[in-house]
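Notes to accompany the following structure.
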Amino acid sequence: MVDKVNIRGIEILAVPTQTALVEYLFSENEIKAGRLVAINAEKIVLSEENRQLRQLIQASEYNYADGISIVKSIHKKYPQYRHIERIAGADLWLALMRKSAEMAVPVFLIGSEAVTLSKTSVKLAAMGVNIVGQQDGYFSSVQENELIERVQRSGAKFITVALGSPKQELLIQKMQGCYSDALYMGVGGSYDVFIGKVKRAPLIWQKMGLEWLYRLLHQPTRWKRQIRLLKYAYYYVANKL
(Lines give C-alpha, C1' and ligand atoms only; values in the text may rest on other atoms or scores of the structure.)
Protein backbone atom coordinates (compact mmCIF):
# COMPACT_ATOMS: atom_id res chain seq x y z
CA MET A 1 0.00 0.00 0.00
CA VAL A 2 1.30 3.47 -0.91
CA ASP A 3 0.65 6.54 1.24
CA LYS A 4 -1.03 9.63 -0.18
CA VAL A 5 -0.56 13.33 0.49
CA ASN A 6 -3.09 16.11 -0.03
CA ILE A 7 -2.33 19.29 -1.99
CA ARG A 8 -5.19 21.79 -2.41
CA GLY A 9 -7.74 19.03 -1.91
CA ILE A 10 -6.12 16.66 -4.41
CA GLU A 11 -4.70 13.36 -3.17
CA ILE A 12 -1.32 12.42 -4.67
CA LEU A 13 0.62 9.18 -4.35
CA ALA A 14 3.62 9.58 -2.04
CA VAL A 15 5.97 7.49 -4.18
CA PRO A 16 9.63 8.53 -4.03
CA THR A 17 10.71 7.76 -7.59
CA GLN A 18 9.49 6.78 -11.05
CA THR A 19 10.88 3.27 -10.59
CA ALA A 20 8.89 2.85 -7.38
CA LEU A 21 5.70 3.97 -9.13
CA VAL A 22 6.21 1.55 -12.04
CA GLU A 23 6.79 -1.30 -9.58
CA TYR A 24 3.66 -0.32 -7.65
CA LEU A 25 1.50 -0.24 -10.80
CA PHE A 26 2.84 -3.65 -11.88
CA SER A 27 2.82 -5.33 -8.48
CA GLU A 28 2.48 -9.13 -8.47
CA ASN A 29 3.31 -9.16 -12.21
CA GLU A 30 -0.05 -7.69 -13.12
CA ILE A 31 -0.91 -4.15 -14.18
CA LYS A 32 -3.32 -2.31 -11.92
CA ALA A 33 -6.62 -0.93 -13.19
CA GLY A 34 -7.66 2.71 -12.75
CA ARG A 35 -6.74 6.21 -13.87
CA LEU A 36 -3.19 7.55 -13.78
CA VAL A 37 -3.17 11.36 -13.76
CA ALA A 38 -0.21 13.75 -13.83
CA ILE A 39 -0.58 16.58 -11.33
CA ASN A 40 1.18 19.92 -11.79
CA ALA A 41 0.53 23.47 -10.64
CA GLU A 42 -1.40 24.41 -13.77
CA LYS A 43 -3.73 21.44 -13.43
CA ILE A 44 -4.38 22.20 -9.76
CA VAL A 45 -5.48 25.75 -10.61
CA LEU A 46 -7.37 24.62 -13.71
CA SER A 47 -9.28 22.10 -11.60
CA GLU A 48 -10.39 24.96 -9.34
CA GLU A 49 -11.80 26.71 -12.41
CA ASN A 50 -13.42 23.58 -13.84
CA ARG A 51 -15.60 21.70 -11.35
CA GLN A 52 -15.97 18.67 -13.62
CA LEU A 53 -12.20 18.32 -13.98
CA ARG A 54 -11.72 18.66 -10.22
CA GLN A 55 -14.24 15.93 -9.47
CA LEU A 56 -12.56 13.72 -12.04
CA ILE A 57 -9.09 14.22 -10.55
CA GLN A 58 -10.33 13.73 -7.00
CA ALA A 59 -11.85 10.40 -8.08
CA SER A 60 -8.69 9.26 -9.88
CA GLU A 61 -6.98 6.25 -8.36
CA TYR A 62 -3.38 7.20 -9.13
CA ASN A 63 -2.44 10.88 -9.14
CA TYR A 64 1.31 11.47 -9.25
CA ALA A 65 3.56 14.53 -8.85
CA ASP A 66 4.52 15.53 -12.38
CA GLY A 67 5.33 19.19 -11.74
CA ILE A 68 8.29 20.48 -9.72
CA SER A 69 5.93 22.93 -7.98
CA ILE A 70 3.91 19.99 -6.66
CA VAL A 71 7.05 18.21 -5.46
CA LYS A 72 8.24 21.35 -3.63
CA SER A 73 4.77 21.72 -2.13
CA ILE A 74 4.86 18.16 -0.81
CA HIS A 75 8.31 18.78 0.69
CA LYS A 76 7.02 21.93 2.40
CA LYS A 77 3.73 20.56 3.70
CA TYR A 78 5.01 17.06 4.49
CA PRO A 79 8.68 17.21 5.63
CA GLN A 80 8.66 13.44 6.13
CA TYR A 81 8.35 13.07 2.36
CA ARG A 82 11.32 15.19 1.35
CA HIS A 83 12.70 12.19 -0.53
CA ILE A 84 9.91 12.38 -3.14
CA GLU A 85 11.14 13.30 -6.63
CA ARG A 86 9.37 14.69 -9.66
CA ILE A 87 8.01 12.06 -12.05
CA ALA A 88 7.81 13.49 -15.57
CA GLY A 89 4.80 12.18 -17.47
CA ALA A 90 6.70 11.52 -20.71
CA ASP A 91 9.36 9.52 -18.84
CA LEU A 92 6.79 7.56 -16.85
CA TRP A 93 4.85 6.71 -20.01
CA LEU A 94 7.96 5.32 -21.67
CA ALA A 95 8.93 3.35 -18.55
CA LEU A 96 5.44 1.84 -18.43
CA MET A 97 5.63 0.95 -22.12
CA ARG A 98 8.91 -0.86 -21.52
CA LYS A 99 7.39 -2.72 -18.60
CA SER A 100 4.33 -3.53 -20.72
CA ALA A 101 6.60 -5.04 -23.37
CA GLU A 102 8.34 -7.11 -20.70
CA MET A 103 5.04 -8.34 -19.27
CA ALA A 104 3.25 -8.74 -22.66
CA VAL A 105 0.53 -6.30 -21.62
CA PRO A 106 -1.86 -5.39 -24.50
CA VAL A 107 -1.72 -1.65 -25.25
CA PHE A 108 -4.14 0.72 -27.02
CA LEU A 109 -2.94 4.16 -28.21
CA ILE A 110 -5.26 7.15 -28.63
CA GLY A 111 -4.62 10.72 -29.70
CA SER A 112 -2.26 13.00 -31.61
CA GLU A 113 -2.05 13.36 -35.39
CA ALA A 114 -2.27 10.27 -37.58
CA VAL A 115 1.35 10.50 -38.73
CA THR A 116 2.65 10.98 -35.19
CA LEU A 117 0.54 8.10 -33.92
CA SER A 118 1.73 5.82 -36.70
CA LYS A 119 5.40 6.59 -36.01
CA THR A 120 4.82 6.09 -32.28
CA SER A 121 3.17 2.72 -32.90
CA VAL A 122 5.97 1.51 -35.16
CA LYS A 123 8.66 2.57 -32.69
CA LEU A 124 6.89 0.95 -29.74
CA ALA A 125 6.32 -2.26 -31.69
CA ALA A 126 10.06 -2.39 -32.37
CA MET A 127 10.53 -2.31 -28.59
CA GLY A 128 8.29 -5.35 -28.25
CA VAL A 129 5.14 -3.55 -27.12
CA ASN A 130 1.96 -5.47 -27.94
CA ILE A 131 -0.22 -2.79 -29.57
CA VAL A 132 -3.75 -4.11 -30.03
CA GLY A 133 -5.32 -0.93 -31.37
CA GLN A 134 -4.92 2.77 -32.07
CA GLN A 135 -6.93 5.87 -32.93
CA ASP A 136 -5.67 9.35 -33.77
CA GLY A 137 -7.11 12.37 -31.99
CA TYR A 138 -9.38 13.48 -34.81
CA PHE A 139 -12.71 11.92 -33.97
CA SER A 140 -16.06 13.43 -33.05
CA SER A 141 -17.97 13.01 -29.82
CA VAL A 142 -20.42 10.87 -31.78
CA GLN A 143 -17.58 8.46 -32.61
CA GLU A 144 -16.50 8.10 -28.97
CA ASN A 145 -18.88 5.20 -28.29
CA GLU A 146 -17.53 3.33 -31.31
CA LEU A 147 -13.98 3.91 -30.05
CA ILE A 148 -14.86 2.61 -26.60
CA GLU A 149 -16.32 -0.53 -28.16
CA ARG A 150 -13.10 -1.04 -30.13
CA VAL A 151 -11.04 -0.71 -26.96
CA GLN A 152 -13.24 -3.26 -25.20
CA ARG A 153 -13.01 -5.74 -28.07
CA SER A 154 -9.22 -5.34 -28.19
CA GLY A 155 -8.77 -6.56 -24.62
CA ALA A 156 -6.29 -3.75 -23.92
CA LYS A 157 -5.00 -3.47 -20.35
CA PHE A 158 -3.03 -0.24 -20.75
CA ILE A 159 -4.66 2.64 -22.64
CA THR A 160 -2.86 5.95 -23.18
CA VAL A 161 -4.63 9.07 -24.41
CA ALA A 162 -2.82 12.07 -25.92
CA LEU A 163 -5.46 14.77 -26.33
CA GLY A 164 -4.30 17.44 -23.90
CA SER A 165 -5.93 18.42 -20.62
CA PRO A 166 -8.80 18.39 -19.73
CA LYS A 167 -10.06 16.67 -22.92
CA GLN A 168 -8.05 13.51 -22.34
CA GLU A 169 -9.17 13.20 -18.71
CA LEU A 170 -12.82 13.60 -19.68
CA LEU A 171 -12.56 10.92 -22.36
CA ILE A 172 -10.77 8.58 -19.97
CA GLN A 173 -13.53 9.03 -17.41
CA LYS A 174 -16.13 8.05 -20.01
CA MET A 175 -14.10 5.07 -21.21
CA GLN A 176 -13.46 3.79 -17.71
CA GLY A 177 -17.18 3.91 -16.99
CA CYS A 178 -17.72 1.40 -19.80
CA TYR A 179 -14.49 -0.60 -19.53
CA SER A 180 -12.91 -0.53 -16.09
CA ASP A 181 -10.49 -3.45 -16.24
CA ALA A 182 -7.52 -1.45 -17.54
CA LEU A 183 -5.02 1.25 -16.59
CA TYR A 184 -5.70 4.59 -18.31
CA MET A 185 -3.10 7.34 -18.65
CA GLY A 186 -3.43 10.84 -20.10
CA VAL A 187 -0.12 11.59 -21.78
CA GLY A 188 -0.42 15.03 -23.40
CA GLY A 189 2.43 15.49 -25.87
CA SER A 190 4.37 12.33 -24.97
CA TYR A 191 4.00 10.79 -28.43
CA ASP A 192 5.53 13.90 -30.03
CA VAL A 193 8.47 13.76 -27.63
CA PHE A 194 8.90 10.02 -28.15
CA ILE A 195 9.33 10.27 -31.93
CA GLY A 196 11.49 13.40 -31.71
CA LYS A 197 8.90 15.76 -33.17
CA VAL A 198 9.09 17.93 -30.04
CA LYS A 199 12.37 18.47 -28.23
CA ARG A 200 12.39 18.32 -24.45
CA ALA A 201 14.40 20.67 -22.31
CA PRO A 202 18.07 19.69 -21.79
CA LEU A 203 18.58 17.42 -18.78
CA ILE A 204 20.08 20.19 -16.68
CA TRP A 205 16.91 22.28 -17.16
CA GLN A 206 14.82 19.27 -16.13
CA LYS A 207 16.88 18.67 -12.99
CA MET A 208 16.54 22.34 -12.03
CA GLY A 209 12.77 22.11 -12.42
CA LEU A 210 12.78 24.63 -15.27
CA GLU A 211 11.33 22.50 -18.05
CA TRP A 212 8.23 24.69 -18.03
CA LEU A 213 10.39 27.77 -18.69
CA TYR A 214 12.19 26.04 -21.55
CA ARG A 215 8.85 25.23 -23.20
CA LEU A 216 7.67 28.80 -22.69
CA LEU A 217 10.80 30.23 -24.32
CA HIS A 218 10.33 27.95 -27.32
CA GLN A 219 6.54 28.32 -27.43
CA PRO A 220 5.74 31.91 -26.36
CA THR A 221 2.05 31.28 -27.09
CA ARG A 222 1.96 29.28 -23.85
CA TRP A 223 2.27 32.47 -21.75
CA LYS A 224 -1.45 32.63 -20.94
CA ARG A 225 -1.27 29.12 -19.49
CA GLN A 226 1.68 30.13 -17.30
CA ILE A 227 -0.41 32.81 -15.57
CA ARG A 228 -1.90 30.00 -13.50
CA LEU A 229 1.58 29.37 -12.10
CA LEU A 230 1.52 32.81 -10.48
CA LYS A 231 -1.68 31.91 -8.68
CA TYR A 232 -0.18 28.65 -7.50
CA ALA A 233 2.97 30.49 -6.37
CA TYR A 234 0.72 32.56 -4.09
CA TYR A 235 -0.73 29.37 -2.60
CA TYR A 236 2.81 28.15 -1.92
CA VAL A 237 4.11 31.35 -0.33
CA ALA A 238 0.94 31.86 1.70
CA ASN A 239 0.94 28.25 2.95
CA LYS A 240 -2.42 27.57 1.36
CA LEU A 241 -1.45 24.09 0.25
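Identifiers for the C-alpha coordinates are assigned positionally: chains receive A, B, ... in sequence, residues are indexed from 1 per chain, and ligands are indexed from 1 in the order shown.
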
Using only C-alpha atoms, which protein or nucleic acid residues come within 7 Å of stretch 161-174 of chain A? Drop anything in the same chain fewer than 6 positions from it, and give the result as a list in words.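 Counting only C-alpha atoms, the residues come to Leu53, Leu109, Ile110, Gly111, Ser112, Gly137, Tyr184, Met185, Gly186, Val187, Gly188 and Gly189 of chain A.
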
Written selection (N, CA, C and O atoms) as an mmCIF file, in the first residue's frame:
```cif
data_model
loop_
_atom_site.group_PDB
_atom_site.id
_atom_site.type_symbol
_atom_site.label_atom_id
_atom_site.label_comp_id
_atom_site.auth_asym_id
_atom_site.auth_seq_id
_atom_site.Cartn_x
_atom_site.Cartn_y
_atom_site.Cartn_z
ATOM 1 N N LEU A 53 -13.577 18.822 -13.994
ATOM 2 C CA LEU A 53 -12.205 18.319 -13.981
ATOM 3 C C LEU A 53 -11.766 18.011 -12.553
ATOM 4 O O LEU A 53 -11.110 17.001 -12.299
ATOM 5 N N LEU A 109 -3.392 2.774 -28.130
ATOM 6 C CA LEU A 109 -2.937 4.157 -28.215
ATOM 7 C C LEU A 109 -4.019 5.048 -28.799
ATOM 8 O O LEU A 109 -4.605 4.720 -29.838
ATOM 9 N N ILE A 110 -4.260 6.192 -28.164
ATOM 10 C CA ILE A 110 -5.262 7.146 -28.634
ATOM 11 C C ILE A 110 -4.655 8.544 -28.639
ATOM 12 O O ILE A 110 -3.919 8.915 -27.731
ATOM 13 N N GLY A 111 -4.982 9.317 -29.689
ATOM 14 C CA GLY A 111 -4.617 10.722 -29.703
ATOM 15 C C GLY A 111 -3.523 11.090 -30.681
ATOM 16 O O GLY A 111 -2.962 10.248 -31.373
ATOM 17 N N SER A 112 -3.270 12.401 -30.758
ATOM 18 C CA SER A 112 -2.263 13.001 -31.609
ATOM 19 C C SER A 112 -2.659 12.907 -33.086
ATOM 20 O O SER A 112 -3.718 12.392 -33.434
ATOM 21 N N GLY A 137 -6.276 11.475 -32.792
ATOM 22 C CA GLY A 137 -7.107 12.372 -31.990
ATOM 23 C C GLY A 137 -8.208 13.084 -32.731
ATOM 24 O O GLY A 137 -8.930 13.895 -32.135
ATOM 25 N N TYR A 184 -5.588 3.483 -17.359
ATOM 26 C CA TYR A 184 -5.698 4.587 -18.307
ATOM 27 C C TYR A 184 -4.714 5.681 -17.917
ATOM 28 O O TYR A 184 -4.555 5.999 -16.736
ATOM 29 N N MET A 185 -4.062 6.283 -18.919
ATOM 30 C CA MET A 185 -3.101 7.343 -18.648
ATOM 31 C C MET A 185 -3.240 8.456 -19.684
ATOM 32 O O MET A 185 -3.162 8.200 -20.888
ATOM 33 N N GLY A 186 -3.448 9.679 -19.221
ATOM 34 C CA GLY A 186 -3.427 10.843 -20.103
ATOM 35 C C GLY A 186 -1.988 11.258 -20.292
ATOM 36 O O GLY A 186 -1.259 11.435 -19.313
ATOM 37 N N VAL A 187 -1.550 11.397 -21.547
ATOM 38 C CA VAL A 187 -0.115 11.591 -21.781
ATOM 39 C C VAL A 187 0.240 12.881 -22.521
ATOM 40 O O VAL A 187 1.406 13.107 -22.849
ATOM 41 N N GLY A 188 -0.735 13.744 -22.789
ATOM 42 C CA GLY A 188 -0.421 15.034 -23.403
ATOM 43 C C GLY A 188 0.384 14.903 -24.673
ATOM 44 O O GLY A 188 0.001 14.235 -25.625
ATOM 45 N N GLY A 189 1.580 15.512 -24.679
ATOM 46 C CA GLY A 189 2.427 15.492 -25.866
ATOM 47 C C GLY A 189 3.508 14.422 -25.861
ATOM 48 O O GLY A 189 4.512 14.549 -26.579
#
```

Between stretch 71-131 of chain A and stretch 27-31 of chain A, at 12 Å or less, what are the per-residue closest atom pairs and their distances in Å? Count only C-alpha atoms, order by chain and rising residue number, and return it as CSV.
```
residue,atom,partner,partner_atom,distance
A:Leu96,CA,A:Ile31,CA,9.7
A:Met97,CA,A:Ile31,CA,11.5
A:Lys99,CA,A:Ile31,CA,9.5
A:Ser100,CA,A:Ile31,CA,8.4
A:Ala101,CA,A:Ile31,CA,11.9
A:Glu102,CA,A:Asn29,CA,10.1
A:Met103,CA,A:Asn29,CA,7.3
A:Ala104,CA,A:Glu30,CA,10.1
A:Val105,CA,A:Ile31,CA,7.9
A:Pro106,CA,A:Ile31,CA,10.4
A:Val107,CA,A:Ile31,CA,11.4
```

Would you put the residues from that selection into a file with N, CA and C atoms, as a PDB file, in the first residue's frame?
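As written to disk, part31.pdb reads:
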```
ATOM      1  N   LEU A  96       6.571   2.766 -18.485  1.00  0.00           N
ATOM      2  CA  LEU A  96       5.439   1.844 -18.430  1.00  0.00           C
ATOM      3  C   LEU A  96       5.308   1.053 -19.729  1.00  0.00           C
ATOM      4  N   MET A  97       5.651   1.672 -20.841  1.00  0.00           N
ATOM      5  CA  MET A  97       5.634   0.954 -22.115  1.00  0.00           C
ATOM      6  C   MET A  97       6.694  -0.152 -22.111  1.00  0.00           C
ATOM      7  N   LYS A  99       7.863  -1.679 -19.517  1.00  0.00           N
ATOM      8  CA  LYS A  99       7.387  -2.720 -18.604  1.00  0.00           C
ATOM      9  C   LYS A  99       6.261  -3.522 -19.257  1.00  0.00           C
ATOM     10  N   SER A 100       5.414  -2.846 -20.018  1.00  0.00           N
ATOM     11  CA  SER A 100       4.325  -3.529 -20.721  1.00  0.00           C
ATOM     12  C   SER A 100       4.882  -4.524 -21.735  1.00  0.00           C
ATOM     13  N   ALA A 101       5.960  -4.136 -22.412  1.00  0.00           N
ATOM     14  CA  ALA A 101       6.603  -5.037 -23.370  1.00  0.00           C
ATOM     15  C   ALA A 101       7.155  -6.262 -22.642  1.00  0.00           C
ATOM     16  N   GLU A 102       7.762  -6.024 -21.495  1.00  0.00           N
ATOM     17  CA  GLU A 102       8.341  -7.106 -20.699  1.00  0.00           C
ATOM     18  C   GLU A 102       7.272  -8.076 -20.209  1.00  0.00           C
ATOM     19  N   MET A 103       6.101  -7.522 -19.841  1.00  0.00           N
ATOM     20  CA  MET A 103       5.036  -8.336 -19.271  1.00  0.00           C
ATOM     21  C   MET A 103       3.979  -8.745 -20.302  1.00  0.00           C
ATOM     22  N   ALA A 104       4.192  -8.404 -21.575  1.00  0.00           N
ATOM     23  CA  ALA A 104       3.255  -8.739 -22.659  1.00  0.00           C
ATOM     24  C   ALA A 104       1.854  -8.180 -22.402  1.00  0.00           C
ATOM     25  N   VAL A 105       1.802  -6.960 -21.888  1.00  0.00           N
ATOM     26  CA  VAL A 105       0.526  -6.301 -21.621  1.00  0.00           C
ATOM     27  C   VAL A 105      -0.023  -5.693 -22.920  1.00  0.00           C
ATOM     28  N   PRO A 106      -1.284  -5.978 -23.287  1.00  0.00           N
ATOM     29  CA  PRO A 106      -1.857  -5.393 -24.497  1.00  0.00           C
ATOM     30  C   PRO A 106      -2.113  -3.896 -24.331  1.00  0.00           C
ATOM     31  N   VAL A 107      -1.681  -3.109 -25.322  1.00  0.00           N
ATOM     32  CA  VAL A 107      -1.724  -1.648 -25.247  1.00  0.00           C
ATOM     33  C   VAL A 107      -2.576  -1.058 -26.362  1.00  0.00           C
TER      34      VAL A 107
END
```

For atom CA of A:Ala182 and atom CA of A:Arg35, determine how far apart the two atoms are, in Å to one decimal place.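 If I compute the distance from atom CA of A:Ala182 to atom CA of A:Arg35, I get 8.5 Å.
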
At what distance in Å, to one decimal, does atom CA of A:Thr17 lie from atom CA of A:Ala88?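 According to the coordinates, atom CA of A:Ala88 and atom CA of A:Thr17 are separated by 10.2 Å.
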
Please identify the strand (DSSP E or B) residues within stretch 85-173 of chain A (assignment by DSSP from backbone atoms) and present them as number ranges by chain. A: 106-111, 130-135, 158-162

What would the file look like if the residues just selected were written as a CSV table (one decimal), in the first residue's frame with all heavy atoms?
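The resulting file, result.csv, is reproduced below:
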```csv
chain,number,residue,atom,x,y,z
A,106,PRO,N,-1.3,-6.0,-23.3
A,106,PRO,CA,-1.9,-5.4,-24.5
A,106,PRO,C,-2.1,-3.9,-24.3
A,106,PRO,O,-2.7,-3.5,-23.3
A,106,PRO,CB,-3.2,-6.2,-24.7
A,106,PRO,CG,-3.5,-6.7,-23.3
A,106,PRO,CD,-2.2,-6.9,-22.6
A,107,VAL,N,-1.7,-3.1,-25.3
A,107,VAL,CA,-1.7,-1.6,-25.2
A,107,VAL,C,-2.6,-1.1,-26.4
A,107,VAL,O,-2.5,-1.5,-27.5
A,107,VAL,CB,-0.3,-1.1,-25.3
A,107,VAL,CG1,-0.3,0.4,-25.5
A,107,VAL,CG2,0.5,-1.5,-24.1
A,108,PHE,N,-3.3,0.0,-26.0
A,108,PHE,CA,-4.1,0.7,-27.0
A,108,PHE,C,-3.7,2.2,-27.0
A,108,PHE,O,-3.7,2.8,-25.9
A,108,PHE,CB,-5.6,0.6,-26.7
A,108,PHE,CG,-6.5,0.9,-27.9
A,108,PHE,CD1,-7.2,-0.2,-28.5
A,108,PHE,CD2,-6.7,2.1,-28.4
A,108,PHE,CE1,-8.1,0.0,-29.6
A,108,PHE,CE2,-7.6,2.4,-29.4
A,108,PHE,CZ,-8.2,1.3,-30.1
A,109,LEU,N,-3.4,2.8,-28.1
A,109,LEU,CA,-2.9,4.2,-28.2
A,109,LEU,C,-4.0,5.0,-28.8
A,109,LEU,O,-4.6,4.7,-29.8
A,109,LEU,CB,-1.7,4.3,-29.1
A,109,LEU,CG,-0.5,3.4,-28.7
A,109,LEU,CD1,0.6,3.5,-29.8
A,109,LEU,CD2,0.1,3.8,-27.4
A,110,ILE,N,-4.3,6.2,-28.2
A,110,ILE,CA,-5.3,7.1,-28.6
A,110,ILE,C,-4.7,8.5,-28.6
A,110,ILE,O,-3.9,8.9,-27.7
A,110,ILE,CB,-6.5,7.1,-27.7
A,110,ILE,CG1,-7.2,5.7,-27.7
A,110,ILE,CG2,-7.5,8.2,-28.2
A,110,ILE,CD1,-8.3,5.6,-26.7
A,111,GLY,N,-5.0,9.3,-29.7
A,111,GLY,CA,-4.6,10.7,-29.7
A,111,GLY,C,-3.5,11.1,-30.7
A,111,GLY,O,-3.0,10.2,-31.4
A,130,ASN,N,3.1,-4.8,-27.3
A,130,ASN,CA,2.0,-5.5,-27.9
A,130,ASN,C,0.8,-4.5,-28.1
A,130,ASN,O,0.0,-4.3,-27.3
A,130,ASN,CB,1.5,-6.7,-27.1
A,130,ASN,CG,0.3,-7.3,-27.7
A,130,ASN,OD1,0.0,-7.2,-28.9
A,130,ASN,ND2,-0.5,-8.0,-26.9
A,131,ILE,N,0.8,-3.8,-29.3
A,131,ILE,CA,-0.2,-2.8,-29.6
A,131,ILE,C,-1.4,-3.5,-30.2
A,131,ILE,O,-1.3,-4.0,-31.3
A,131,ILE,CB,0.3,-1.7,-30.5
A,131,ILE,CG1,1.5,-1.0,-29.8
A,131,ILE,CG2,-0.7,-0.7,-30.8
A,131,ILE,CD1,2.3,0.0,-30.6
A,132,VAL,N,-2.6,-3.4,-29.5
A,132,VAL,CA,-3.7,-4.1,-30.0
A,132,VAL,C,-4.7,-3.2,-30.7
A,132,VAL,O,-5.8,-3.6,-31.1
A,132,VAL,CB,-4.4,-4.9,-28.9
A,132,VAL,CG1,-3.5,-6.0,-28.4
A,132,VAL,CG2,-4.8,-3.9,-27.7
A,133,GLY,N,-4.4,-1.9,-30.7
A,133,GLY,CA,-5.3,-0.9,-31.4
A,133,GLY,C,-4.8,0.5,-31.2
A,133,GLY,O,-4.0,0.8,-30.4
A,134,GLN,N,-5.3,1.4,-32.1
A,134,GLN,CA,-4.9,2.8,-32.1
A,134,GLN,C,-6.0,3.6,-32.8
A,134,GLN,O,-6.7,3.2,-33.6
A,134,GLN,CB,-3.5,3.0,-32.7
A,134,GLN,CG,-3.4,2.6,-34.2
A,134,GLN,CD,-2.0,2.6,-34.7
A,134,GLN,OE1,-1.1,2.0,-34.1
A,134,GLN,NE2,-1.8,3.4,-35.8
A,135,GLN,N,-6.0,4.9,-32.4
A,135,GLN,CA,-6.9,5.9,-32.9
A,135,GLN,C,-6.3,7.3,-32.8
A,135,GLN,O,-6.0,7.7,-31.7
A,135,GLN,CB,-8.3,5.8,-32.2
A,135,GLN,CG,-9.3,6.9,-32.5
A,135,GLN,CD,-9.7,6.9,-34.0
A,135,GLN,OE1,-10.1,5.9,-34.5
A,135,GLN,NE2,-9.5,8.1,-34.7
A,158,PHE,N,-3.7,-1.5,-21.0
A,158,PHE,CA,-3.0,-0.2,-20.8
A,158,PHE,C,-3.4,0.7,-21.9
A,158,PHE,O,-3.1,0.4,-23.1
A,158,PHE,CB,-1.5,-0.4,-20.7
A,158,PHE,CG,-0.8,0.9,-20.3
A,158,PHE,CD1,-1.3,1.9,-19.5
A,158,PHE,CD2,0.5,1.0,-20.8
A,158,PHE,CE1,-0.6,3.0,-19.2
A,158,PHE,CE2,1.2,2.2,-20.5
A,158,PHE,CZ,0.7,3.2,-19.7
A,159,ILE,N,-4.1,1.7,-21.6
A,159,ILE,CA,-4.7,2.6,-22.6
A,159,ILE,C,-4.1,4.0,-22.4
A,159,ILE,O,-4.3,4.6,-21.3
A,159,ILE,CB,-6.2,2.7,-22.6
A,159,ILE,CG1,-6.7,1.2,-22.9
A,159,ILE,CG2,-6.8,3.6,-23.6
A,159,ILE,CD1,-8.0,0.9,-22.1
A,160,THR,N,-3.4,4.6,-23.4
A,160,THR,CA,-2.9,5.9,-23.2
A,160,THR,C,-3.5,6.9,-24.2
A,160,THR,O,-3.7,6.6,-25.3
A,160,THR,CB,-1.3,6.0,-23.4
A,160,THR,OG1,-1.0,5.6,-24.7
A,160,THR,CG2,-0.7,4.9,-22.4
A,161,VAL,N,-3.8,8.1,-23.6
A,161,VAL,CA,-4.6,9.1,-24.4
A,161,VAL,C,-3.9,10.4,-24.5
A,161,VAL,O,-3.6,11.0,-23.5
A,161,VAL,CB,-6.0,9.3,-23.8
A,161,VAL,CG1,-6.9,10.2,-24.6
A,161,VAL,CG2,-6.7,7.9,-23.6
A,162,ALA,N,-3.6,10.8,-25.7
A,162,ALA,CA,-2.8,12.1,-25.9
A,162,ALA,C,-3.7,13.1,-26.6
A,162,ALA,O,-3.7,13.3,-27.8
A,162,ALA,CB,-1.6,11.8,-26.8
```

Any chance you could list, as a PyMOL selection string, the residues in stretch 21-149 of chain A that come up helix (DSSP H, G or I) when DSSP is run on the backbone? chain A and resi 21-25+27-29+41-49+51-59+68-77+79-81+89-103+114-126+141-149
